Amino acid sequence: MITWFKDGKAIAKRYVWEIVMAAHDIFIKEESLVDVEIPEGVTCDVIGDVHGQFYDVLHLYKLTGPPSEKHFVLMNGDLVDRGSWSIEVILLAFAYKWLYPEYMYINRGNHEAKDMNRTYGFEGEAKHKHGEQAYKLFAHVFTTMPLATLLSASKPPSSKNAAILSPDGRRRFFIVHGGLFSKDGVTLDDIRKLDRVGRQPGQEGLMCELLWTDPQEMPGRGPSKRGVGIAFGPDVTKSWCTLNGVTGVIRSHEVRQNGYEIEHDGLCTTVFSAPNYVDQSGNKGAFIRIDAEGNREYTQFDAVPHPPMKPMAYLQGGLSSLMMM
Amino acid sequence: MANKRLSQTTTDNWGEIQLPTSITPFEEDAEDWLTTWKTVLARDLIDSRIVSVDAETSVEDACDLLLAESIPCLAVKSLDSRHNPSIPYLGLFDYADVNAFLTLAATRHTLPPEDLPGRSRVNEIIAAAKAGRVPVHLVSNLSEKNPIEILPHNATLVVLLSIFARGTHRTLIQSAEKADEFIGIVSDHRLLSWFDSYARETPAFMKYLSNPIQFLSLPSINLRDTIVSAPSSASVLDAMKMMSEEGVSSVAVVEENNGTLLSAVSVTDIGKIVVPSQSNQILTTPLLQFIAQIKEPDGSTDGVDKYPVYSVFPSSLLSYTVEKLLATNAHRVFVTRESGPASPTGLSVFSGNLSGIVSIVDILSLFARLAKVPDIDPTRMQRHRRASSASSQSSFPDGDTIFRSRSNSRASVTRSPLLGASSPPGIPVLDSVLGSSLDPTNLQRKESRKGTRVKKDSI
C-alpha cells in the first residue's frame with residue numbers, strides 16, 4: 001500500500017472504509033487515557049505532529065522502523081491538515097493500528113476535528129479523494145481516538161535522580177497533543193473517564209485543553225493567542241506531575257526549530273515531527289525513543305523532497321486549485 | 001438608543017428568570033478609579049509611530065505602504081497649507097478605507113450615472129479612476145469610520161476614553177512644543193491592555209470585570225438577527241460590500257444550513273489578501289475558501305495554528321473577554337449562545353448560534369460610563385455610515401432592496417443569497433487597483449450586458 005501511495009495513487013474506496021472501520025473498532029474499546037507499559041527489551045517511539053507530510057512520514061518510519069513486538073510507535077496527534085497527503089498519512093497510521101493494535105498507538109490532536117479540517121485542508125482533500133461520506137466517516141472516527149496515553153516503564157530506573165516517579169517507583173510519561181489545564185487538581189482518572197465518542201473538543205473544557213494548550217515560560221497561567229485554551233507555566237507542570245506521579249509531560253502542537261525542546265526544567269518536552277513545516281519553516285523534525293526503564297533518547301531528522309504539490313492544495317472548490325497552479 | 005438596547009436585554013428569551021440588566025460598581029469604587037485614571041497621561045500609552053504619505057500618493061502605493069509597514073493606518077499629509085495650517089494632516093487612511101475603496105471600484109457600474117448630492121467624493125474618485133490614478137487623499141476616511149482625532153500633549157486617559165467611547169480606534173498625540181507636530185498614536189487596543197493591567201493591581205476593578213458580559217450593558221451584545229453576517233457560500237465581494245455599507249470592520253461567516261458561526265472576515269484580511277491578488281477572481285471566491293486563505297499563514301512558521309473564530313458566551317466574564325481580545329489581537333469577539341436544551345428550535349434560517357458582538361470600543365465605552373464621560377455612543381459612526389451609504393447609492397437589482405434598509409437597525413442584513421446573485425464575475429474595473437491599466441470600453445460592454453438586470457439605469 002505504501003508504494004501505491006508513494007506513486008500518487010489512491011486506494012479503492014472499499015479499502016479505505018475497511019481500514020478506517022477497523023481502526024474505529026479498536027479505538028472505541030480504548031479509554032480516553034490509554035495505559036501502555038513498555039516491557040523489558042522493548043522501546044517506544046513518540047512521534048509529534050506530521051500534518052499530512054507523507055513523504056517525511058515515510059522517511060521517519062525508515063528511521064524508527066514500523067511498529068512491532070519489540071518496538072512500539074505512538075503518534076501524538078495532528079496527522080492531518082496543512083500538508084496535501086493527509087489521507088495517505090492517516091490511512092497508513094490506521095492501517096498500522098489495525099495490523100498491530102498492541103504496538104501502534106495514536107492520540108487525537110486538535111486538527112483531528114471538524115472546525116479545523118474545514119479550514120486547514122483535510123475536509124477538501126478527503127472529499128476530493130474519497131467522497132463526502134468518507135469524510136464524514138473520518139470525522140466520526142476521529143472522535144473515537146484516545147485523548148492521551150500514559151507510557152509507563154516496566155523496570156525501575158537504574159540511575160536515581162530527582163525525577164518524579166509513579167506510586168510504584170517507575171518512570172512514566174503523560175503523552176498528550178496539547179498540554180495541561182486551566183484548573184489545578186485534574187487527575188489521570190478524570191481524563192480516563194472523559195466521554196469522548198462523537199464529541200468535538202469545542203472551545204473550552206477538559207477535552208479542548210488536552211488538545212490545545214501550550215506551555216509558557218512565565219509561571220502561572222495566561223491566555224492563549226490561539227483564541228482557545230490557555231498557556232501554562234513551569235509551576236503548573238510541576239504541581240500536576242507531582243500530584244499524579246508523572247515523570248514528565250510529552251506533547252506536540254507547536255513547531256520547534258530543532259524538532260524537539262525540553263522545557264519546564266525537563267518536566268515538559270515538545271516533540272514536532274513535520275520538518276520544514278508547510279514548506280516554509282525550515283525546522284527539523286524529531287522523535288523520542290523511550291525504553292523499558294524510561295530513559296529517553298532524541299533523534300532529529302530533516303525534510304525530504306516531495307512531489308510538487310503545495311500544502312493545502314485541496315481547499316474546497318476548483319477555483320482555488322486553479323489559482324494555485 | 002441606549003434605552004432601546006437595554007429593553008432588548010430584559011425581554012430576551014433566556015428563560016423564566018428575570019435577569020438583572022446591568023451591574024454597576026459601587027459609587028465610591030468608581031470614584032477611586034476615576035481619580036487614578038485622571039492622573040494617567042495619554043502620551044504614556046503611545047503604541048505606534050506615525051507613518052505619513054503625501055496626499056497625491058496613489059491608493060495602490062498607500063496600500064503597499066500599509067502592508068509593508070505592518071501598521072493599521074497612515075496619516076495623509078495635507079495638500080497645501082490652505083487646508084489647515086495648524087494640522088499637517090488632512091486625515092487618516094486605514095484598511096476600512098481600503099475596503100470601501102475596493103468595494104466602490106468593484107461596484108461602480110451598478111451606480112446610477114447622475115450626480116447625487118452627498119456623492120461628490122465618490123464622483124471624484126470615479127473620475128480619477130477613469131483618468132487612471134486615484135490619489136489617497138480622496139480615499140482618506142472613505143469608510144466614515146476613521147476620522148482623524150488629535151489630543152493635546154497633556155491629555156489624560158479620561159479624555160482618551162471619551163474619544164474611543166465614540167467609536168474611533170486611534171488618536172494622535174501632539175508634541176509638547178509645537179501644536180503641528182505629533183509624537184505618536186494611541187490605539188484602543190493599547191488602552192484596553194492598560195485597563196487589563198490596572199485590573200490586576202486593583203482588586204475592586206478586577207471584581208467588576210469578573211462579571212458575565214450579559215450583565216453589563218454592552219451595546220452590541222444582543223444584536224441577534226441584525227449582526228452583519230454572511231453564509232459561507234457568499235463571495236468575497238459580498239463580504240466587502242457588507243463591511244463598507246454597514247460600517248463594520250468585519251463580517252461573521254456562518255454555516256449555510258444552520259447559521260452556526262464558523263469564522264469571520266475583516267477589512268484587514270481584505271487588505272492583506274485581496275489587494276496583492278494578481279487577478280480579480282479573488283472577488284468571487286466563496287467565503288469558506290477565503291477563510292482558509294486567511295488562516296493559512298497563521299502558525300505556518302511556529303505551528304501555532306489558531307482556532308478559526310474567536311467567540312465568547314453571554315456567561316463569559318468580561319475579564320476573560322478582555323484577555324481573549326488582547327491575546328488574539330482581534331478587534332472584536334463574537335458572542336454565541338451556549339448550546340443545550342435551552343435553545344429554541346424552529347427559528348429562521350439565519351438564527352444559528354450567533355447572538356452578538358463585543359468589540360474593544362464597546363468595552364472602553366463601559367469604562368467611559370464609569371468615568372462619567374458625556375456623549376458615549378460607540379455605534380454612532382456605524383449608524384451614520386449605514387444611513388449615508390443607503391442614501392447615496394441606488395438600490396441593487398433583484399430584490400436586494402431589503403439590504404438597503406435605512407437607519408433602522410432591525411434590517412435583515414443577513415439576506416446574502418440574493419446579494420450573491422448580483423455580484424458579477426471578472427470585473428475589469430478593479431484592474432486599475434490591482435496593477436494593470438483600466439479599459440473604459442471594457443466597462444461599457446459590461447454595463448450593456450447588465451442592462452437587463454439593472455432596472456434603475458433607465459431612470
# chains A, B, ... in the order shown; residues from 1 in each chain; ligands from 1
>>> residues_around(residues="Ile294 in chain B", least_positions_apart="4", cutoff="12 Å", atoms="only C-alpha atoms", output="number ranges by chain")
A: 119-120; B: 236, 263-274, 287-290, 298-300, 305-309
>>> residues_around(residues="range 131-142 of chain A", least_positions_apart="2", cutoff="7 Å", atoms="only C-alpha atoms", output="short mmCIF file (atom, residue, chain, number, x, y, z; two decimals) with C-alpha atoms, in the first residue's frame")
data_model
loop_
_atom_site.label_atom_id
_atom_site.label_comp_id
_atom_site.auth_asym_id
_atom_site.auth_seq_id
_atom_site.Cartn_x
_atom_site.Cartn_y
_atom_site.Cartn_z
CA HIS A 24 -12.64 2.58 14.74
CA ARG A 108 -6.12 12.72 18.91
CA GLU A 112 -8.50 15.77 14.16
CA ALA A 113 -11.60 17.92 14.47
CA LYS A 114 -14.33 19.30 12.23
CA GLU A 123 -12.02 18.15 4.53
CA ALA A 126 -10.88 13.74 1.87
CA LYS A 127 -13.90 14.77 -0.15
CA HIS A 128 -11.79 15.10 -3.29
CA LYS A 129 -10.08 11.74 -2.95
CA THR A 144 -13.10 7.82 18.94
CA MET A 145 -9.35 8.40 19.07
CA GLY A 198 -18.98 11.69 18.98
#
>>> closest_atom_pairs(of="chain A", to="chain B", cutoff="7 Å", atoms="only C-alpha atoms", output="JSON lines")
{"residue": "A:Thr119", "atom": "CA", "partner": "B:Ala292", "partner_atom": "CA", "distance": 4.7}
{"residue": "A:Tyr120", "atom": "CA", "partner": "B:Ala292", "partner_atom": "CA", "distance": 6.2}
{"residue": "A:Pro223", "atom": "CA", "partner": "B:Ala327", "partner_atom": "CA", "distance": 6.2}
{"residue": "A:Ser224", "atom": "CA", "partner": "B:Ala327", "partner_atom": "CA", "distance": 6.1}
{"residue": "A:Lys225", "atom": "CA", "partner": "B:Ala327", "partner_atom": "CA", "distance": 4.6}
{"residue": "A:Arg226", "atom": "CA", "partner": "B:Lys306", "partner_atom": "CA", "distance": 4.2}
{"residue": "A:Gly227", "atom": "CA", "partner": "B:Tyr310", "partner_atom": "CA", "distance": 5.7}
{"residue": "A:Val228", "atom": "CA", "partner": "B:Tyr307", "partner_atom": "CA", "distance": 6.5}
{"residue": "A:His253", "atom": "CA", "partner": "B:Gly303", "partner_atom": "CA", "distance": 6.8}
{"residue": "A:Glu254", "atom": "CA", "partner": "B:Gly303", "partner_atom": "CA", "distance": 4.7}
{"residue": "A:Val255", "atom": "CA", "partner": "B:Gly303", "partner_atom": "CA", "distance": 4.7}
{"residue": "A:Tyr277", "atom": "CA", "partner": "B:Ser300", "partner_atom": "CA", "distance": 6.9}
{"residue": "A:Val278", "atom": "CA", "partner": "B:Ser300", "partner_atom": "CA", "distance": 6.4}
{"residue": "A:Gln280", "atom": "CA", "partner": "B:Thr301", "partner_atom": "CA", "distance": 6.7}
{"residue": "A:Ser281", "atom": "CA", "partner": "B:Thr301", "partner_atom": "CA", "distance": 4.8}
{"residue": "A:Leu315", "atom": "CA", "partner": "B:Gln289", "partner_atom": "CA", "distance": 6.4}
{"residue": "A:Gln316", "atom": "CA", "partner": "B:Gln289", "partner_atom": "CA", "distance": 6.1}
>>> select_by_dssp(residues="range 195-313 of chain A", states="strand (DSSP E)", output="PyMOL selection string")
chain A and resi 214-215+221-223+230-232+248-251+260-263+268-271+285-290+296-301
>>> residues_around(residues="Asp189 in chain A", least_positions_apart="3", cutoff="10 Å", atoms="only C-alpha atoms", output="list in words")
Ser32, Leu33, Val186, Arg192, Lys193, Leu194 and Asn244 of chain A
>>> residues_around(residues="range 19-21 of chain A", least_positions_apart="4", cutoff="9 Å", atoms="only C-alpha atoms", output="short mmCIF file (atom, residue, chain, number, x, y, z; two decimals) with N, CA, C and O atoms, in the first residue's frame")
data_model
loop_
_atom_site.label_atom_id
_atom_site.label_comp_id
_atom_site.auth_asym_id
_atom_site.auth_seq_id
_atom_site.Cartn_x
_atom_site.Cartn_y
_atom_site.Cartn_z
N ARG A 14 -13.31 1.00 -1.07
CA ARG A 14 -13.67 -0.12 -0.20
C ARG A 14 -12.59 -0.34 0.85
O ARG A 14 -12.87 -0.62 2.00
N TYR A 15 -11.34 -0.24 0.40
CA TYR A 15 -10.24 -0.47 1.35
C TYR A 15 -10.18 0.64 2.38
O TYR A 15 -9.87 0.40 3.54
N ASP A 25 -13.05 0.27 15.35
CA ASP A 25 -13.41 -0.79 16.30
C ASP A 25 -12.36 -0.95 17.38
O ASP A 25 -12.69 -1.35 18.50
N ILE A 26 -11.12 -0.67 17.05
CA ILE A 26 -10.07 -0.79 18.07
C ILE A 26 -10.09 0.42 18.99
O ILE A 26 -10.03 0.30 20.22
N LEU A 91 -4.34 7.07 6.68
CA LEU A 91 -4.63 5.68 6.34
C LEU A 91 -3.48 4.77 6.74
O LEU A 91 -3.69 3.65 7.21
N PHE A 94 -3.79 4.36 10.51
CA PHE A 94 -4.92 3.48 10.85
C PHE A 94 -4.63 2.04 10.45
O PHE A 94 -5.02 1.09 11.14
N ALA A 95 -3.96 1.87 9.30
CA ALA A 95 -3.64 0.50 8.87
C ALA A 95 -2.70 -0.16 9.87
O ALA A 95 -2.89 -1.33 10.23
N TRP A 98 -4.64 -1.23 12.81
CA TRP A 98 -5.42 -2.45 12.55
C TRP A 98 -4.50 -3.67 12.62
O TRP A 98 -4.83 -4.68 13.22
N LEU A 137 -17.05 9.80 7.68
CA LEU A 137 -16.58 8.64 8.44
C LEU A 137 -15.33 9.01 9.22
O LEU A 137 -15.20 8.73 10.41
N PHE A 138 -14.39 9.67 8.54
CA PHE A 138 -13.18 10.10 9.23
C PHE A 138 -13.53 10.99 10.41
O PHE A 138 -13.00 10.84 11.51
N VAL A 141 -14.70 8.89 13.23
CA VAL A 141 -13.66 8.04 13.82
C VAL A 141 -12.64 8.89 14.59
O VAL A 141 -12.09 8.46 15.60
#
>>> residues_around(residues="Asp291 in chain A", least_positions_apart="5", cutoff="9 Å", atoms="only C-alpha atoms", output="PDB file with N, CA, C and O atoms, in the first residue's frame")
ATOM      1  N   ILE A  38       5.852  -0.407  28.744  1.00  0.00           N
ATOM      2  CA  ILE A  38       6.928  -0.838  27.841  1.00  0.00           C
ATOM      3  C   ILE A  38       7.623  -2.031  28.476  1.00  0.00           C
ATOM      4  O   ILE A  38       8.332  -1.900  29.480  1.00  0.00           O
ATOM      5  N   PRO A  39       7.436  -3.204  27.903  1.00  0.00           N
ATOM      6  CA  PRO A  39       8.068  -4.386  28.507  1.00  0.00           C
ATOM      7  C   PRO A  39       9.587  -4.357  28.339  1.00  0.00           C
ATOM      8  O   PRO A  39      10.130  -3.596  27.555  1.00  0.00           O
ATOM      9  N   GLU A  40      10.241  -5.220  29.058  1.00  0.00           N
ATOM     10  CA  GLU A  40      11.699  -5.347  29.001  1.00  0.00           C
ATOM     11  C   GLU A  40      12.159  -5.602  27.585  1.00  0.00           C
ATOM     12  O   GLU A  40      11.603  -6.421  26.856  1.00  0.00           O
ATOM     13  N   GLY A  41      13.184  -4.895  27.168  1.00  0.00           N
ATOM     14  CA  GLY A  41      13.744  -5.135  25.840  1.00  0.00           C
ATOM     15  C   GLY A  41      12.977  -4.462  24.715  1.00  0.00           C
ATOM     16  O   GLY A  41      13.302  -4.625  23.543  1.00  0.00           O
ATOM     17  N   VAL A  42      11.974  -3.712  25.075  1.00  0.00           N
ATOM     18  CA  VAL A  42      11.166  -3.059  24.038  1.00  0.00           C
ATOM     19  C   VAL A  42      11.355  -1.552  24.151  1.00  0.00           C
ATOM     20  O   VAL A  42      11.606  -1.034  25.237  1.00  0.00           O
ATOM     21  N   THR A  43      11.256  -0.876  23.009  1.00  0.00           N
ATOM     22  CA  THR A  43      11.278   0.598  23.070  1.00  0.00           C
ATOM     23  C   THR A  43       9.995   1.137  22.454  1.00  0.00           C
ATOM     24  O   THR A  43       9.327   0.448  21.691  1.00  0.00           O
ATOM     25  N   CYS A  44       9.699   2.396  22.783  1.00  0.00           N
ATOM     26  CA  CYS A  44       8.544   3.044  22.170  1.00  0.00           C
ATOM     27  C   CYS A  44       8.986   4.385  21.612  1.00  0.00           C
ATOM     28  O   CYS A  44       9.666   5.154  22.298  1.00  0.00           O
ATOM     29  N   ASP A  45       8.612   4.643  20.367  1.00  0.00           N
ATOM     30  CA  ASP A  45       8.956   5.924  19.757  1.00  0.00           C
ATOM     31  C   ASP A  45       7.751   6.840  19.784  1.00  0.00           C
ATOM     32  O   ASP A  45       6.665   6.451  19.337  1.00  0.00           O
ATOM     33  N   ALA A 153       7.234   2.854  32.241  1.00  0.00           N
ATOM     34  CA  ALA A 153       8.365   1.930  32.188  1.00  0.00           C
ATOM     35  C   ALA A 153       7.983   0.687  32.988  1.00  0.00           C
ATOM     36  O   ALA A 153       7.163   0.744  33.896  1.00  0.00           O
ATOM     37  N   ARG A 296      15.161   8.324  27.917  1.00  0.00           N
ATOM     38  CA  ARG A 296      14.713   8.951  26.681  1.00  0.00           C
ATOM     39  C   ARG A 296      15.878   9.270  25.776  1.00  0.00           C
ATOM     40  O   ARG A 296      16.919   9.751  26.225  1.00  0.00           O
ATOM     41  N   GLU A 297      15.664   9.028  24.493  1.00  0.00           N
ATOM     42  CA  GLU A 297      16.698   9.319  23.514  1.00  0.00           C
ATOM     43  C   GLU A 297      16.054  10.106  22.379  1.00  0.00           C
ATOM     44  O   GLU A 297      14.979   9.762  21.903  1.00  0.00           O
TER      45      GLU A 297
END
